[in-house]
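Asker: Starting off with a structure, shown below.
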Amino acid sequence: MKWCEYSRTEYWAFLDSGQCFFPLQIPRSLVEIMQKLPECRSKKEVLLLRKIMISMDIFCHYSDALQLLLAKAVRYQRLGSRRVVIKRGDAAHSFYFVFSGLLAVTKDEDGSSAFVDKEPILIKRGMSFGDVALIKGLKRNATIVCMEETELMVVDKEDFFSNRMDVELQKEFENRFNFFRSLELFSSWSCSSIDQITKHTKIERFGFEHIVDKEANNEMSNIIFIAEGRCDVFRVVDLTSCGSYQHFIKQHQNTGIHGNRNPEEQRVGSCKNKPHTQIKAATDLSECICFLIDSLHQGSTFGLNEHLLPVKKRDCRKFTLLSQSVQIVRLEKSLFDELVDPDTLKKLENLQKTYPSDEELCKFFLKHKRWQDYKRCLVQDILSHRIHKGNVSQTPFPFTQYLHSHRQQTKPQAKQCTEHT
C-alpha cells in the first residue's frame, strides 16, 4: 500500500490543481464569427473556431471532417445561473457543447431540484448534451439547467442533419452501448434495457492526475464505470482521530525519549532492544496521510462495492478519485435498481468489497514508520561507531565481526560436505 504525507492545506491545494486548462471565456472575436450565418464564414474563420473547439475533450475525438462541419455550423449562446437550457418533454431542436460554466441534469421541469440535490448529475465544460434526442427524434427525457453563468456552442437541427453530423454522433452512442453490452455484469440484460441506460449516460474524459470526484462514497446517487484507462482511489486519514495514533503519542510521552540522553545510550544496542525509541516525534508527523486504497481499470466500478448491504452498515467515508488518464460513464443508481434482474444481483455478490478502516490504515502507517526509522537509526549508529573523532576506526563493528566469523565457520563445513559428496 502506498501513501503520501500532506498537511490539510497542501492536500486541498493539490486537489484544486487537478483541473482542465480551458480558456476562461470565448474571445470576443470568435463570438462575432459565430454570430454570422454558416455560409458567410470564411475558411480562415472556420479554422479559428475549430482551433478553440479542439480544447473541448468531446470535440477532439471527432474526425477532422466533422470538426470542420461543426465549426462552420455552431452558434454562440450565453446563459446566466438557473436558466433552463432544455426542458423535459420538449421536442429536440438543437444539441450543445459546453465551453465554460456548469450545468445539471434534473427530472423536474424548472430545474430547481439541482440546487438542493447533494449529488446532481453535472455537465461540465468540454462536454456535450442533447444529441441522443436529436438523432433519434425523441422528446427530451430530462431538464438541463445552468448552475452558473455558462457559454454554449449550439448546433441547430437543420445544420445537424444537412451536414450528416448525426452519423458521427450515432457512433459515439453505439460505443457506449457496446461498452455496457461487453460488461459481464450486464450480460443478462435485454438490448432494450441496455439501450435505456445508454440514453441516460455520457462519456466523461479526464486528463492525467485530474480529479474525477473529491467526495465519492457508497452513498452517492451514481455508479461510476471505467470505460477506458485507470482511476486511483485515495483515502485521506486524519491521524489525530485514530486511537492507535493517540497511543503512539502517549508512548512517546511516557518514555521521554526526546529528552537529554547520554550519547552512549544511542548505540545500536538501544536501537535493537527498543525498535520504537528512535522514531520521529508524533508532532513531526504530517497532519493527514493520503493512502492509495485501490486502482480501478477498464470495466471496474465504484459505487457498487457495498450495494447489497443495508444502508446503516455501508461505509460512508469519503474517497478521492484521481484520474490516470481515464474515461468514465456515470449511471444513476435509481435507474440501475429499476432495471436490475436476479442474475445481476447474484453477480454483485462477487463485486462486494470493503476498504480498510481508518484505524487499520493508521496502524499500517505507524508500523512501517517504525521500521523505516529503526533502519535509519541502525545505519546512523553503525556509522557513528566506525567513525571516531573524524578518523575511520580500524576496529570492526561487532555485527561485522559476527558475520566474518560466521563465514569462516561455514566455509570448512561446506568444503567437507563437497568432499563427502
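Please note that chains go A, B, ... in the order of the C-alpha cells, that every chain numbers its residues from 1, and that ligands are numbered from 1 in the order shown.
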So that I can check the surroundings of Asp131 (chain A), please list as a PyMOL selection string every protein, DNA and RNA residue that reaches within 12 Å of it, counting only C-alpha atoms and ignoring chain neighbours fewer than 4 positions away.
Answerer: chain A and resi 86+92-97+127+135-141+154-157+160-161+165-173+199-202
Asker: Which residues, written as a PyMOL selection string, have at least one atom at most 10 Å from Lys87 (chain A), with only C-alpha atoms counted and residues fewer than 3 positions away on the same chain left out?
Answerer: chain A and resi 84+90-92+106-111+139-145
Asker: Which is closest to Ser55 (chain A) among A:Gly126, A:Val212, A:Ser42, A:Asp159, if we use only C-alpha atoms?
Answerer: A:Gly126
Asker: Name the closest residue to Cys288 (chain A) among the candidates A:Arg125, A:Lys313, A:Arg235, A:Lys44; distances are taken between atoms, counting only C-alpha atoms.
Answerer: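 Checking each of A:Arg125, A:Lys313, A:Arg235, A:Lys44 against Cys288 (chain A), counting only C-alpha atoms, the winner is A:Arg235.
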Asker: Tell me which protein, DNA and RNA residues are within 7 Å of Ser323 (chain A), counting only C-alpha atoms, leaving out same-chain ones fewer than 2 positions away, and put them as a ChimeraX atom specification.
Answerer: /A:206-212,230-232,321,325-326
Asker: Name the residues in contact with Leu361 (chain A) at a cut-off of 12 Å, using only C-alpha atoms, excluding same-chain residues fewer than 2 positions from it; report them as a PyMOL selection string.
Answerer: chain A and resi 1-3+234-239+241-245+288-293+355-359+363-368
Asker: Can you list every residue in region 176-259 of chain A that DSSP puts in strand (DSSP E or B), as a PyMOL selection string?
Answerer: chain A and resi 203-216+222-238
Asker: Which value, in Å to one decimal, gives the distance between CA of Ala133 (chain A) and CA of Ile52 (chain A)?
Answerer: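 Computing it gives 26.3 Å between the two atoms.
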Asker: Within 10 Å of Arg330 (chain A), counting only C-alpha atoms, which residues qualify if same-chain residues fewer than 4 places away don't, as a CSV table (one decimal) with N, CA and C atoms, in the first residue's frame?
Answerer:
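Printed below is part-v3.csv as written:
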chain,number,residue,atom,x,y,z
A,121,ILE,N,-26.4,15.3,-11.2
A,121,ILE,CA,-25.6,14.9,-12.3
A,121,ILE,C,-25.1,16.1,-13.0
A,197,ILE,N,-30.2,2.6,-20.5
A,197,ILE,CA,-29.2,3.2,-19.7
A,197,ILE,C,-28.2,3.9,-20.6
A,200,HIS,N,-29.2,7.5,-21.0
A,200,HIS,CA,-29.1,8.4,-19.8
A,200,HIS,C,-27.6,8.6,-19.4
A,201,THR,N,-26.7,8.2,-20.2
A,201,THR,CA,-25.3,8.4,-19.8
A,201,THR,C,-24.5,9.1,-20.8
A,202,LYS,N,-23.3,9.6,-20.4
A,202,LYS,CA,-22.4,10.3,-21.3
A,202,LYS,C,-21.0,9.8,-20.9
A,203,ILE,N,-20.1,9.8,-21.9
A,203,ILE,CA,-18.7,9.5,-21.6
A,203,ILE,C,-18.0,10.8,-21.1
A,204,GLU,N,-17.3,10.7,-20.0
A,204,GLU,CA,-16.5,11.8,-19.4
A,204,GLU,C,-15.0,11.5,-19.5
A,221,SER,N,-25.4,9.0,-5.5
A,221,SER,CA,-26.5,8.6,-6.3
A,221,SER,C,-26.1,8.0,-7.6
A,222,ASN,N,-24.8,8.0,-7.9
A,222,ASN,CA,-24.4,7.5,-9.2
A,222,ASN,C,-23.4,6.3,-9.1
A,223,ILE,N,-23.4,5.5,-10.1
A,223,ILE,CA,-22.4,4.4,-10.2
A,223,ILE,C,-21.4,4.8,-11.3
A,224,ILE,N,-20.1,4.7,-11.0
A,224,ILE,CA,-19.1,5.1,-11.9
A,224,ILE,C,-18.5,3.8,-12.6
A,225,PHE,N,-18.5,3.8,-13.9
A,225,PHE,CA,-17.9,2.7,-14.7
A,225,PHE,C,-16.7,3.2,-15.4
A,226,ILE,N,-15.6,2.5,-15.3
A,226,ILE,CA,-14.4,2.8,-16.0
A,226,ILE,C,-14.5,2.3,-17.4
A,301,THR,N,-15.9,-0.8,-11.4
A,301,THR,CA,-17.0,0.1,-11.0
A,301,THR,C,-16.6,0.7,-9.6
A,302,PHE,N,-17.2,1.9,-9.3
A,302,PHE,CA,-17.2,2.5,-8.0
A,302,PHE,C,-18.6,2.9,-7.6
